[in-house]
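Pasting protein.cif here (mmCIF, N, CA and C atoms and all ligand atoms):
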data_structure
loop_
_atom_site.group_PDB
_atom_site.id
_atom_site.type_symbol
_atom_site.label_atom_id
_atom_site.label_comp_id
_atom_site.auth_asym_id
_atom_site.auth_seq_id
_atom_site.Cartn_x
_atom_site.Cartn_y
_atom_site.Cartn_z
ATOM 1 N N MET A 277 -17.414 -179.932 -37.303
ATOM 2 C CA MET A 277 -16.158 -179.976 -38.038
ATOM 3 C C MET A 277 -15.538 -178.580 -38.050
ATOM 4 N N THR A 278 -14.254 -178.514 -37.944
ATOM 5 C CA THR A 278 -13.583 -177.229 -37.852
ATOM 6 C C THR A 278 -13.122 -176.743 -39.222
ATOM 7 N N GLU A 279 -12.877 -175.454 -39.286
ATOM 8 C CA GLU A 279 -12.413 -174.875 -40.554
ATOM 9 C C GLU A 279 -11.052 -175.416 -40.965
ATOM 10 N N ASN A 280 -10.225 -175.736 -39.963
ATOM 11 C CA ASN A 280 -8.884 -176.217 -40.291
ATOM 12 C C ASN A 280 -8.830 -177.728 -40.541
ATOM 13 N N GLY A 281 -9.963 -178.396 -40.463
ATOM 14 C CA GLY A 281 -9.983 -179.839 -40.718
ATOM 15 C C GLY A 281 -9.543 -180.677 -39.538
ATOM 16 N N TRP A 282 -9.324 -180.023 -38.408
ATOM 17 C CA TRP A 282 -8.946 -180.771 -37.209
ATOM 18 C C TRP A 282 -10.209 -181.180 -36.482
ATOM 19 N N TYR A 283 -10.414 -182.433 -36.312
ATOM 20 C CA TYR A 283 -11.516 -182.912 -35.472
ATOM 21 C C TYR A 283 -11.226 -184.344 -35.050
ATOM 22 N N CYS A 284 -11.734 -184.695 -33.880
ATOM 23 C CA CYS A 284 -11.420 -185.993 -33.278
ATOM 24 C C CYS A 284 -11.727 -187.152 -34.220
ATOM 25 N N GLY A 285 -12.788 -187.020 -34.985
ATOM 26 C CA GLY A 285 -13.197 -188.109 -35.872
ATOM 27 C C GLY A 285 -12.165 -188.496 -36.907
ATOM 28 N N ARG A 286 -11.206 -187.626 -37.166
ATOM 29 C CA ARG A 286 -10.148 -188.012 -38.091
ATOM 30 C C ARG A 286 -8.755 -187.896 -37.458
ATOM 31 N N CYS A 287 -8.727 -187.997 -36.132
ATOM 32 C CA CYS A 287 -7.464 -187.940 -35.382
ATOM 33 C C CYS A 287 -6.986 -189.365 -35.089
ATOM 34 N N ARG A 288 -5.701 -189.567 -35.167
ATOM 35 C CA ARG A 288 -5.139 -190.902 -34.916
ATOM 36 C C ARG A 288 -5.364 -191.368 -33.493
ATOM 37 N N TYR A 289 -5.626 -190.474 -32.556
ATOM 38 C CA TYR A 289 -5.783 -190.847 -31.149
ATOM 39 C C TYR A 289 -7.227 -191.127 -30.756
ATOM 40 N N TRP A 290 -8.156 -190.937 -31.674
ATOM 41 C CA TRP A 290 -9.565 -191.117 -31.335
ATOM 42 C C TRP A 290 -9.965 -192.565 -31.541
ATOM 43 N N HIS A 291 -10.684 -193.120 -30.561
ATOM 44 C CA HIS A 291 -11.092 -194.524 -30.597
ATOM 45 C C HIS A 291 -12.566 -194.595 -30.238
ATOM 46 N N ARG A 292 -13.306 -195.320 -31.031
ATOM 47 C CA ARG A 292 -14.740 -195.440 -30.769
ATOM 48 C C ARG A 292 -15.074 -196.909 -30.558
ATOM 49 N N PRO A 293 -14.957 -197.399 -29.302
ATOM 50 C CA PRO A 293 -15.182 -198.820 -29.031
ATOM 51 C C PRO A 293 -16.636 -199.240 -29.154
ATOM 52 N N ASP A 294 -17.554 -198.309 -28.935
ATOM 53 C CA ASP A 294 -18.976 -198.652 -28.959
ATOM 54 C C ASP A 294 -19.671 -197.831 -30.042
ATOM 55 N N LYS A 295 -19.856 -198.439 -31.194
ATOM 56 C CA LYS A 295 -20.462 -197.718 -32.334
ATOM 57 C C LYS A 295 -21.893 -197.268 -32.021
ATOM 58 N N LYS A 296 -22.521 -197.924 -31.021
ATOM 59 C CA LYS A 296 -23.897 -197.546 -30.668
ATOM 60 C C LYS A 296 -23.948 -196.183 -29.985
ATOM 61 N N LYS A 297 -22.808 -195.706 -29.513
ATOM 62 C CA LYS A 297 -22.783 -194.395 -28.858
ATOM 63 C C LYS A 297 -22.693 -193.261 -29.880
ATOM 64 N N GLY A 298 -22.862 -193.576 -31.134
ATOM 65 C CA GLY A 298 -22.905 -192.541 -32.163
ATOM 66 C C GLY A 298 -21.586 -191.841 -32.352
ATOM 67 N N GLU A 299 -21.611 -190.544 -32.196
ATOM 68 C CA GLU A 299 -20.435 -189.730 -32.478
ATOM 69 C C GLU A 299 -19.566 -189.488 -31.252
ATOM 70 N N ILE A 300 -19.709 -190.336 -30.234
ATOM 71 C CA ILE A 300 -18.893 -190.208 -29.034
ATOM 72 C C ILE A 300 -17.793 -191.266 -29.051
ATOM 73 N N GLY A 301 -16.577 -190.825 -28.801
ATOM 74 C CA GLY A 301 -15.448 -191.746 -28.751
ATOM 75 C C GLY A 301 -14.514 -191.385 -27.613
ATOM 76 N N GLN A 302 -13.383 -192.049 -27.577
ATOM 77 C CA GLN A 302 -12.413 -191.813 -26.512
ATOM 78 C C GLN A 302 -11.148 -191.206 -27.094
ATOM 79 N N CYS A 303 -10.613 -190.215 -26.403
ATOM 80 C CA CYS A 303 -9.311 -189.672 -26.761
ATOM 81 C C CYS A 303 -8.253 -190.498 -26.032
ATOM 82 N N ARG A 304 -7.374 -191.104 -26.811
ATOM 83 C CA ARG A 304 -6.321 -191.932 -26.214
ATOM 84 C C ARG A 304 -4.944 -191.322 -26.407
ATOM 85 N N ARG A 305 -4.916 -190.027 -26.476
ATOM 86 C CA ARG A 305 -3.636 -189.330 -26.615
ATOM 87 C C ARG A 305 -2.771 -189.533 -25.380
ATOM 88 N N HIS A 306 -3.417 -189.621 -24.210
ATOM 89 C CA HIS A 306 -2.700 -189.785 -22.945
ATOM 90 C C HIS A 306 -3.301 -190.983 -22.205
ATOM 91 N N PRO A 307 -2.635 -191.485 -21.169
ATOM 92 C CA PRO A 307 -3.176 -192.602 -20.405
ATOM 93 C C PRO A 307 -4.538 -192.246 -19.812
ATOM 94 N N PRO A 308 -5.338 -193.262 -19.466
ATOM 95 C CA PRO A 308 -6.627 -192.982 -18.840
ATOM 96 C C PRO A 308 -6.446 -192.225 -17.530
ATOM 97 N N GLN A 309 -7.464 -191.467 -17.179
ATOM 98 C CA GLN A 309 -7.399 -190.649 -15.980
ATOM 99 C C GLN A 309 -8.147 -191.318 -14.834
ATOM 100 N N VAL A 310 -7.644 -191.108 -13.645
ATOM 101 C CA VAL A 310 -8.277 -191.663 -12.454
ATOM 102 C C VAL A 310 -9.506 -190.830 -12.116
ATOM 103 N N VAL A 311 -10.627 -191.504 -11.895
ATOM 104 C CA VAL A 311 -11.849 -190.806 -11.502
ATOM 105 C C VAL A 311 -12.428 -191.504 -10.276
ATOM 106 N N ALA A 312 -13.040 -190.709 -9.422
ATOM 107 C CA ALA A 312 -13.665 -191.240 -8.215
ATOM 108 C C ALA A 312 -15.109 -191.610 -8.522
ATOM 109 N N GLU A 313 -15.493 -192.810 -8.169
ATOM 110 C CA GLU A 313 -16.860 -193.270 -8.354
ATOM 111 C C GLU A 313 -17.594 -193.213 -7.017
ATOM 112 N N ASP A 314 -18.869 -193.522 -7.041
ATOM 113 C CA ASP A 314 -19.640 -193.574 -5.809
ATOM 114 C C ASP A 314 -19.034 -194.602 -4.845
ATOM 115 N N LEU A 315 -19.279 -194.407 -3.588
ATOM 116 C CA LEU A 315 -18.842 -195.306 -2.524
ATOM 117 C C LEU A 315 -17.323 -195.398 -2.430
ATOM 118 N N GLY A 316 -16.634 -194.383 -2.925
ATOM 119 C CA GLY A 316 -15.190 -194.331 -2.766
ATOM 120 C C GLY A 316 -14.394 -195.191 -3.721
ATOM 121 N N ASP A 317 -15.038 -195.833 -4.683
ATOM 122 C CA ASP A 317 -14.298 -196.643 -5.649
ATOM 123 C C ASP A 317 -13.496 -195.736 -6.577
ATOM 124 N N ILE A 318 -12.391 -196.242 -7.035
ATOM 125 C CA ILE A 318 -11.546 -195.523 -7.982
ATOM 126 C C ILE A 318 -11.533 -196.291 -9.300
ATOM 127 N N GLU A 319 -11.710 -195.583 -10.381
ATOM 128 C CA GLU A 319 -11.667 -196.201 -11.703
ATOM 129 C C GLU A 319 -10.781 -195.365 -12.595
ATOM 130 N N THR A 320 -10.479 -195.879 -13.770
ATOM 131 C CA THR A 320 -9.760 -195.086 -14.767
ATOM 132 C C THR A 320 -10.614 -195.015 -16.026
ATOM 133 N N GLU A 321 -10.568 -193.869 -16.675
ATOM 134 C CA GLU A 321 -11.356 -193.665 -17.901
ATOM 135 C C GLU A 321 -10.566 -192.791 -18.858
ATOM 136 N N TRP A 322 -10.741 -193.047 -20.147
ATOM 137 C CA TRP A 322 -10.237 -192.124 -21.144
ATOM 138 C C TRP A 322 -11.267 -191.016 -21.303
ATOM 139 N N PRO A 323 -10.818 -189.814 -21.570
ATOM 140 C CA PRO A 323 -11.778 -188.731 -21.799
ATOM 141 C C PRO A 323 -12.641 -189.040 -23.022
ATOM 142 N N GLU A 324 -13.926 -188.766 -22.907
ATOM 143 C CA GLU A 324 -14.825 -188.941 -24.053
ATOM 144 C C GLU A 324 -14.975 -187.620 -24.784
ATOM 145 N N THR A 325 -14.966 -187.697 -26.088
ATOM 146 C CA THR A 325 -15.158 -186.505 -26.909
ATOM 147 C C THR A 325 -16.127 -186.827 -28.039
ATOM 148 N N TYR A 326 -16.721 -185.771 -28.589
ATOM 149 C CA TYR A 326 -17.528 -185.929 -29.796
ATOM 150 C C TYR A 326 -16.623 -185.911 -31.012
ATOM 151 N N SER A 327 -17.061 -186.530 -32.073
ATOM 152 C CA SER A 327 -16.221 -186.625 -33.269
ATOM 153 C C SER A 327 -15.862 -185.252 -33.825
ATOM 154 N N ASP A 328 -16.705 -184.232 -33.555
ATOM 155 C CA ASP A 328 -16.391 -182.906 -34.092
ATOM 156 C C ASP A 328 -15.674 -182.008 -33.082
ATOM 157 N N ASP A 329 -15.264 -182.573 -31.931
ATOM 158 C CA ASP A 329 -14.392 -181.828 -31.018
ATOM 159 C C ASP A 329 -12.979 -181.820 -31.591
ATOM 160 N N TRP A 330 -12.114 -181.056 -30.989
ATOM 161 C CA TRP A 330 -10.705 -181.099 -31.391
ATOM 162 C C TRP A 330 -9.861 -180.468 -30.296
ATOM 163 N N CYS A 331 -8.533 -180.667 -30.380
ATOM 164 C CA CYS A 331 -7.612 -179.982 -29.486
ATOM 165 C C CYS A 331 -6.301 -179.778 -30.220
ATOM 166 N N GLY A 332 -5.361 -179.121 -29.570
ATOM 167 C CA GLY A 332 -4.089 -178.796 -30.204
ATOM 168 C C GLY A 332 -3.173 -179.982 -30.420
ATOM 169 N N ASP A 333 -3.502 -181.157 -29.879
ATOM 170 C CA ASP A 333 -2.683 -182.346 -30.092
ATOM 171 C C ASP A 333 -3.141 -183.158 -31.301
ATOM 172 N N PHE A 334 -4.081 -182.634 -32.046
ATOM 173 C CA PHE A 334 -4.605 -183.358 -33.207
ATOM 174 C C PHE A 334 -3.480 -183.834 -34.124
ATOM 175 N N GLU A 335 -3.621 -185.112 -34.562
ATOM 176 C CA GLU A 335 -2.758 -185.638 -35.617
ATOM 177 C C GLU A 335 -3.640 -186.438 -36.560
ATOM 178 N N ALA A 336 -3.590 -186.102 -37.804
ATOM 179 C CA ALA A 336 -4.454 -186.752 -38.785
ATOM 180 C C ALA A 336 -4.058 -188.213 -38.972
ATOM 181 N N THR A 337 -5.045 -189.032 -39.205
ATOM 182 C CA THR A 337 -4.807 -190.410 -39.582
ATOM 183 C C THR A 337 -5.288 -190.591 -41.009
ATOM 184 N N ALA A 338 -4.626 -191.448 -41.718
ATOM 185 C CA ALA A 338 -4.924 -191.587 -43.139
ATOM 186 C C ALA A 338 -6.176 -192.408 -43.391
ATOM 187 N N ASP A 339 -6.603 -193.224 -42.416
ATOM 188 C CA ASP A 339 -7.704 -194.153 -42.685
ATOM 189 C C ASP A 339 -9.068 -193.629 -42.239
ATOM 190 N N ARG A 340 -9.201 -192.336 -41.906
ATOM 191 C CA ARG A 340 -10.518 -191.798 -41.559
ATOM 192 C C ARG A 340 -10.796 -190.564 -42.379
HETATM 193 S S1 LIG B 401 -8.945 -184.505 -28.106
HETATM 194 FE FE1 LIG B 401 -7.214 -183.930 -29.441
HETATM 195 S S2 LIG B 401 -5.767 -185.647 -29.367
HETATM 196 FE FE2 LIG B 401 -7.738 -186.340 -28.567
HETATM 197 S S3 LIG B 401 -8.760 -187.311 -30.282
HETATM 198 FE FE3 LIG B 401 -9.470 -185.172 -30.194
HETATM 199 S S4 LIG B 401 -8.070 -184.006 -31.513
HETATM 200 FE FE4 LIG B 401 -7.125 -186.009 -31.110
#
Turn the structure described in the file into structure tokens.
Amino acid sequence: MTENGWYCGRCRYWHRPDKKKGEIGQCRRHPPQVVAEDLGDIETEWPETYSDDWCGDFEATADR
């Protein structure tokens, strides 16, 4: 957790689809990014962050 109270766990853009992954969630501030998989496959993924990460695009949500 940061001194300024900014952290992904209380950001409106943070989404945690799999509660079993603990404190890891997805940042959905921007569209998913294209990533190259094995055998030349292309997929899209949202960046994963820990709940105590943060960035300058943080926006607080009232329900966390
Ligand atoms: S990376 Fe930034 S925009 Fe994304 S969830 Fe964390 S604080 Fe919010």
Residues within 8 Å of ligand LIG 401 (chain B) (all atoms listed in the file), as a PyMOL selection string?
-> chain A and resi 282-291+301-306+323-336
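We find atom C of Glu321 (chain A) and CA of Pro307 (chain A) to be spaced 7.6 Å apart.
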So how many Å separate atom C of Lys296 (chain A) and atom N of Ile318 (chain A), to one decimal?
-> 25.7 Å
Output as a ChimeraX atom specification all residues of chain A that backbone DSSP marks as strand (DSSP E).
-> /A:290-291,300-303,309-312,318-321,324-326
Care to translate the PyMOL selection byres (((chain A and resi 320) around 6.5) and not hetatm) into actual residues of this file, as a VMD selection string?
-> chain A and resid 308 to 311 318 to 319 321 to 322
Please identify which residues in chain A DSSP calls helix (DSSP H, G or I) from the backbone, and express them as a list in words.
-> Cys284, Gly285, Arg286, Lys295, Lys296, Lys297, Asp314, Leu315 and Gly316 of chain A
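Coordinates place CA of Thr278 (chain A) at a distance of 23.4 Å from CA of Pro293 (chain A).
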